[in-house]
Amino acid sequence: MKLKRLRDLREDADLTQAQLGEKLNLPQRTYAYYEKGERTIPPELLIKLALFYDVSTDYLLELTDNPQRRE
């Protein structure tokens, strides 16, 4: 499943795949696979991304259009 929001959020933050991969301790190629939907994102990484962008995991997975996290 291709997650367009991952790319949109990364670009909105003015980050390259390599820069974000570095922040997440991942090779650029691995991150690119996740962004393109060629690999399933592990739950731990999904949580890291949600915290990094300050959005909900449901928003990243495109299950909602509301980016706010529940407290």
# chains A, B, ... in the order shown; residues from 1 in each chain; ligands from 1
$ residues_around --residues "range 45-47 of chain A" --least-positions-apart "4" --cutoff "9 Å" --atoms "only C-alpha atoms" --output "ChimeraX atom specification"
/A:24,41,51-52,56-57,60-61
$ write_last_selection --atoms "N, CA, C and O atoms" --output "PDB file, in the first residue's frame"
ATOM      1  N   LEU A  24      15.920   8.556  11.204  1.00  0.00           N
ATOM      2  CA  LEU A  24      15.276   7.335  11.677  1.00  0.00           C
ATOM      3  C   LEU A  24      16.244   6.159  11.784  1.00  0.00           C
ATOM      4  O   LEU A  24      15.833   5.045  12.104  1.00  0.00           O
ATOM      5  N   ILE A  41       5.560  -1.133   6.624  1.00  0.00           N
ATOM      6  CA  ILE A  41       6.226  -0.368   7.672  1.00  0.00           C
ATOM      7  C   ILE A  41       6.036  -1.091   9.004  1.00  0.00           C
ATOM      8  O   ILE A  41       4.896  -1.364   9.401  1.00  0.00           O
ATOM      9  N   LEU A  51       5.225  10.329  15.735  1.00  0.00           N
ATOM     10  CA  LEU A  51       5.773  11.241  16.744  1.00  0.00           C
ATOM     11  C   LEU A  51       6.620  12.331  16.085  1.00  0.00           C
ATOM     12  O   LEU A  51       6.553  13.495  16.472  1.00  0.00           O
ATOM     13  N   PHE A  52       7.397  11.958  15.097  1.00  0.00           N
ATOM     14  CA  PHE A  52       8.252  12.919  14.394  1.00  0.00           C
ATOM     15  C   PHE A  52       7.421  14.018  13.739  1.00  0.00           C
ATOM     16  O   PHE A  52       7.737  15.201  13.842  1.00  0.00           O
ATOM     17  N   SER A  56      -1.297  11.462  13.967  1.00  0.00           N
ATOM     18  CA  SER A  56      -1.717  10.128  14.406  1.00  0.00           C
ATOM     19  C   SER A  56      -1.256   9.070  13.413  1.00  0.00           C
ATOM     20  O   SER A  56      -1.032   9.357  12.228  1.00  0.00           O
ATOM     21  N   THR A  57      -1.137   7.853  13.892  1.00  0.00           N
ATOM     22  CA  THR A  57      -0.807   6.760  12.989  1.00  0.00           C
ATOM     23  C   THR A  57      -1.948   6.533  11.994  1.00  0.00           C
ATOM     24  O   THR A  57      -1.703   6.186  10.842  1.00  0.00           O
ATOM     25  N   LEU A  60      -1.312   8.787   9.131  1.00  0.00           N
ATOM     26  CA  LEU A  60      -0.255   8.267   8.255  1.00  0.00           C
ATOM     27  C   LEU A  60      -0.769   7.136   7.373  1.00  0.00           C
ATOM     28  O   LEU A  60      -0.397   7.030   6.204  1.00  0.00           O
ATOM     29  N   LEU A  61      -1.632   6.300   7.942  1.00  0.00           N
ATOM     30  CA  LEU A  61      -2.173   5.153   7.202  1.00  0.00           C
ATOM     31  C   LEU A  61      -3.364   5.525   6.328  1.00  0.00           C
ATOM     32  O   LEU A  61      -3.958   4.663   5.691  1.00  0.00           O
TER      33      LEU A  61
END
$ residues_around --residues "Leu3 in chain A" --least-positions-apart "3" --cutoff "10 Å" --atoms "only C-alpha atoms" --output "VMD selection string"
chain A and resid 6 to 8 34 to 37 60 to 62
$ write_last_selection --atoms "all heavy atoms" --output "CSV table (one decimal), in the first residue's frame"
chain,number,residue,atom,x,y,z
A,6,LEU,N,3.1,9.9,3.6
A,6,LEU,CA,4.5,9.9,4.0
A,6,LEU,C,5.4,10.8,3.2
A,6,LEU,O,6.2,11.6,3.7
A,6,LEU,CB,5.1,8.5,4.0
A,6,LEU,CG,4.7,7.5,5.0
A,6,LEU,CD1,5.3,6.2,4.8
A,6,LEU,CD2,5.0,8.0,6.4
A,7,ARG,N,5.2,10.8,1.9
A,7,ARG,CA,5.9,11.6,1.0
A,7,ARG,C,5.5,13.1,1.2
A,7,ARG,O,6.4,14.0,1.3
A,7,ARG,CB,5.7,11.2,-0.4
A,7,ARG,CG,6.4,12.1,-1.4
A,7,ARG,CD,6.2,11.6,-2.8
A,7,ARG,NE,7.0,12.5,-3.7
A,7,ARG,CZ,7.0,12.4,-5.0
A,7,ARG,NH1,6.3,11.5,-5.6
A,7,ARG,NH2,7.6,13.3,-5.8
A,8,ASP,N,4.2,13.4,1.3
A,8,ASP,CA,3.8,14.7,1.5
A,8,ASP,C,4.3,15.4,2.7
A,8,ASP,O,4.8,16.5,2.7
A,8,ASP,CB,2.3,14.8,1.5
A,8,ASP,CG,1.6,14.5,0.1
A,8,ASP,OD1,2.3,14.5,-0.9
A,8,ASP,OD2,0.4,14.2,0.1
A,34,TYR,N,9.4,1.9,2.0
A,34,TYR,CA,8.3,2.1,2.8
A,34,TYR,C,7.4,3.2,2.2
A,34,TYR,O,6.1,3.0,2.1
A,34,TYR,CB,8.7,2.6,4.2
A,34,TYR,CG,9.4,1.6,5.0
A,34,TYR,CD1,10.5,1.9,5.8
A,34,TYR,CD2,9.0,0.2,5.0
A,34,TYR,CE1,11.2,1.0,6.5
A,34,TYR,CE2,9.7,-0.7,5.7
A,34,TYR,CZ,10.8,-0.3,6.5
A,34,TYR,OH,11.5,-1.3,7.2
A,35,GLU,N,8.0,4.3,1.7
A,35,GLU,CA,7.2,5.4,1.1
A,35,GLU,C,6.5,4.9,-0.2
A,35,GLU,O,5.4,5.4,-0.4
A,35,GLU,CB,8.2,6.5,0.8
A,35,GLU,CG,7.5,7.8,0.6
A,35,GLU,CD,8.5,9.0,0.5
A,35,GLU,OE1,8.9,9.5,1.5
A,35,GLU,OE2,8.8,9.4,-0.7
A,36,LYS,N,7.1,4.1,-0.9
A,36,LYS,CA,6.5,3.6,-2.2
A,36,LYS,C,5.5,2.4,-2.0
A,36,LYS,O,4.8,2.0,-2.9
A,36,LYS,CB,7.6,3.1,-3.2
A,36,LYS,CG,8.4,4.2,-3.7
A,36,LYS,CD,9.4,3.7,-4.6
A,36,LYS,CE,10.3,4.8,-5.2
A,36,LYS,NZ,11.4,4.2,-6.1
A,37,GLY,N,5.5,1.9,-0.7
A,37,GLY,CA,4.6,0.8,-0.4
A,37,GLY,C,5.1,-0.5,-0.9
A,37,GLY,O,4.4,-1.5,-1.0
A,60,LEU,N,-1.3,8.8,9.1
A,60,LEU,CA,-0.3,8.3,8.3
A,60,LEU,C,-0.8,7.1,7.4
A,60,LEU,O,-0.4,7.0,6.2
A,60,LEU,CB,0.9,7.8,9.1
A,60,LEU,CG,1.8,8.8,9.8
A,60,LEU,CD1,2.9,8.1,10.6
A,60,LEU,CD2,2.4,9.8,8.8
A,61,LEU,N,-1.6,6.3,7.9
A,61,LEU,CA,-2.2,5.2,7.2
A,61,LEU,C,-3.4,5.5,6.3
A,61,LEU,O,-4.0,4.7,5.7
A,61,LEU,CB,-2.6,4.1,8.2
A,61,LEU,CG,-1.4,3.4,9.0
A,61,LEU,CD1,-2.0,2.5,10.1
A,61,LEU,CD2,-0.5,2.7,8.0
A,62,GLU,N,-3.7,6.8,6.3
A,62,GLU,CA,-4.8,7.3,5.5
A,62,GLU,C,-6.2,6.8,5.9
A,62,GLU,O,-7.0,6.6,5.1
A,62,GLU,CB,-4.5,7.2,4.0
A,62,GLU,CG,-3.2,7.9,3.6
A,62,GLU,CD,-2.8,7.7,2.2
A,62,GLU,OE1,-3.7,7.3,1.4
A,62,GLU,OE2,-1.6,7.9,1.9
$ atom_distance --atom1 "CA of Gln68 in chain A" --atom2 "CA of Arg29 in chain A"
28.8 Å
$ closest_residue --among "A:Leu26, A:Thr64, A:Asp58, A:Leu49" --to "Leu9 in chain A" --atoms "only C-alpha atoms"
A:Leu49
